[in-house]
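Below is one structure, written out as structure tokens, with a few remarks after it.
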Amino acid sequence: MNFYLLLALLLFLYMNGWFVVSLIKKRNDVADIAWGLGFVLLAWISFFISNGYGERPIIINLLVTVWGLRLAWHIYKRNRKKTEDYRYLEWRKQWGKWFLIRSYFQVYMLQGIFLFLISIPVIFINKNASFPFSAFYFLGLSVWAVGFFFEVVGDLQLAQFIKNPQNKGKIMQSGLWRYSRHPNYFGEVTQWWGIFLFALPIPYGWITVIGPLTITILILFVSGIPLLEKKYEGRVDFEEYKKKTSMFVPFPKRPQ
């Protein structure tokens, strides 16, 4: 079977499995846990079936594994002992009698498609394991490390902020959140651009730009920042925060 078709089929089965889990748990936000783990799965399966066990693919797969496992664990800890995430609860109300079928296609199957597209640089690197190292790998690793720092530290700072009862109902505006309204999203996107740089020196590697472009568009214009900011739209403290703080790329606060 074609290399990419086999991976797509395995991912299809993986997402179907998580859809079954969502029915058992009666909560669709398990899809957020499936997200990070899905990248780890695709990375290692594409590595083993490519039969090209080079150092570069191992490095990339380890980076994806560290990122994916940390993200899945972070989301699991955030959601446990809580009700279903507000986004999914809202869709549950909006979709009514069409909830199951729309969940299947609009949450799990659509997420699977995006997951595959974003993973293209990783899959491509695993498929071309014998291509030699270049300066792009060190640049890619540096960019990935910057992104990982912003995502991990941003998530940690927000978790600590929320845990403090005195901050209930307040907007996080300190730490990395002083320079970006979404430093964790900035970090996630930056990591995928870093991984793209690993693939760039390979012949036709530029095609894998579809990966970082997909996650960038999703975060900036679809399911990331727009949904989250809509939740706080109209709040006086949030509107003030928006005026002086960069939405995505970290910058010093704007003067009033």
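Residues are referred to by chain and number: the chain letter is A, B, ... according to the order shown in the structure tokens, the number counts from 1 in that chain, and ligands are numbered separately from 1 in the order shown.
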
Long-range neighbours of Met247 of chain A as a VMD selection string, 10 Å cut-off, only C-alpha atoms, 2 positions minimum in chain
chain A and resid 177 179 to 183 186 220 225 229 241 to 245 249 to 251

Would you pick out the contacts of Val209 of chain A at 10 Å or less, using only C-alpha atoms, so that residues sharing its chain but fewer than 6 positions from it are not included, and give the list as number ranges by chain?
A: 117-118, 120-121, 192-193, 195-197, 199-200

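Residue neighbourhood of Phe39 of chain A, excluding near-sequence residues (fewer than 3 positions): Trp35, Gly36, Leu42, Ala43, Val64, Thr65, Gly68, Leu115 and Ser119 of chain A, at 8 Å, using only C-alpha atoms.
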
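Minimum distance to Ser50 of chain A across A:Ser130, A:Ile210, A:Gln160, A:Phe221 (counting only C-alpha atoms) occurs at A:Ser130.
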
Nearest to Ile207 of chain A, restricted to only C-alpha atoms and choosing among A:Met109, A:Leu41, A:Ile125, A:Leu7, comes out as A:Ile125

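Proximity to Phe136 of chain A was assessed for A:Lys230, A:Arg254, A:Arg56, A:Lys170 counting only C-alpha atoms; the smallest distance is recorded for A:Arg56.
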
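For the pair atom CA of Ala31 of chain A and atom CA of Gly224 of chain A, the interatomic distance is 14.3 Å.
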
Looking at only C-alpha atoms, which of A:Val153, A:Leu63, A:Leu9, A:Val122 is the one that sits closest to Leu141 of chain A?
A:Leu63

Leaving out Ser22 of chain A and any residue of its chain fewer than 6 positions from it, which residues lie within 12 Å of it when counting only C-alpha atoms, given as a PDB file with C-alpha atoms, in the first residue's frame?
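The result, stored in result15.pdb:
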ATOM      1  CA  MET A  15      -9.683   9.133  15.194  1.00  0.00           C
ATOM      2  CA  ASN A  16     -12.576   6.674  15.047  1.00  0.00           C
ATOM      3  CA  ASN A  28     -16.031  15.666  23.084  1.00  0.00           C
ATOM      4  CA  ASP A  29     -13.074  17.457  24.638  1.00  0.00           C
ATOM      5  CA  VAL A  30     -11.166  14.147  24.667  1.00  0.00           C
ATOM      6  CA  ALA A  31     -10.405  15.206  21.087  1.00  0.00           C
ATOM      7  CA  ASP A  32      -7.954  17.730  22.535  1.00  0.00           C
ATOM      8  CA  ILE A  33      -6.011  14.923  24.203  1.00  0.00           C
ATOM      9  CA  ALA A  34      -6.110  12.921  20.964  1.00  0.00           C
ATOM     10  CA  GLU A  84     -16.799  19.379  29.255  1.00  0.00           C
ATOM     11  CA  TYR A  88     -17.826  21.594  22.994  1.00  0.00           C
ATOM     12  CA  LEU A 100     -23.431  12.773  16.957  1.00  0.00           C
ATOM     13  CA  SER A 103     -19.246  15.583  16.163  1.00  0.00           C
ATOM     14  CA  TYR A 104     -17.967  12.685  14.076  1.00  0.00           C
ATOM     15  CA  VAL A 107     -14.580  17.305  15.371  1.00  0.00           C
ATOM     16  CA  TYR A 108     -12.909  13.938  14.798  1.00  0.00           C
TER      17      TYR A 108
END

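Here atom CA of Ser142 of chain A and atom CA of Leu228 of chain A stand 28.6 Å from one another.
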
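Atom to atom, atom CA of Thr83 of chain A and atom CA of Phe148 of chain A stand 28.2 Å apart.
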
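Of the listed residues (A:Leu5, A:Ile45, A:Leu37, A:Val20), A:Leu37 comes nearest to Leu69 of chain A; the distances count only C-alpha atoms.
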
I'd like the contact shell of Gly187 of chain A - 7 Å cut-off, only C-alpha atoms, skipping same-chain residues fewer than 3 positions apart - returned as a ChimeraX atom specification.
/A:147-151,183-184,190-191

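Using only C-alpha atoms, the smallest distance between any of A:Gln173, A:Thr208, A:Ser134, A:Thr216 and Lys253 of chain A comes from A:Gln173.
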
Show which residues sit within 9 Å of segment 75-78 of chain A, as a short mmCIF file (atom, residue, chain, number, x, y, z; two decimals) with C-alpha atoms, in the first residue's frame. Count only C-alpha atoms, and ignore same-chain residues fewer than 2 positions away.
data_model
loop_
_atom_site.label_atom_id
_atom_site.label_comp_id
_atom_site.auth_asym_id
_atom_site.auth_seq_id
_atom_site.Cartn_x
_atom_site.Cartn_y
_atom_site.Cartn_z
CA VAL A 30 -11.17 14.15 24.67
CA ASP A 32 -7.95 17.73 22.54
CA ILE A 33 -6.01 14.92 24.20
CA ARG A 70 3.44 17.16 27.23
CA LEU A 71 0.46 18.78 25.51
CA ALA A 72 -1.78 15.73 25.97
CA TRP A 73 -0.86 15.47 29.66
CA ARG A 80 -10.07 16.16 34.66
CA LYS A 81 -12.75 16.52 37.34
CA LYS A 82 -14.28 19.37 35.31
CA ALA A 159 -2.23 27.21 35.16
#
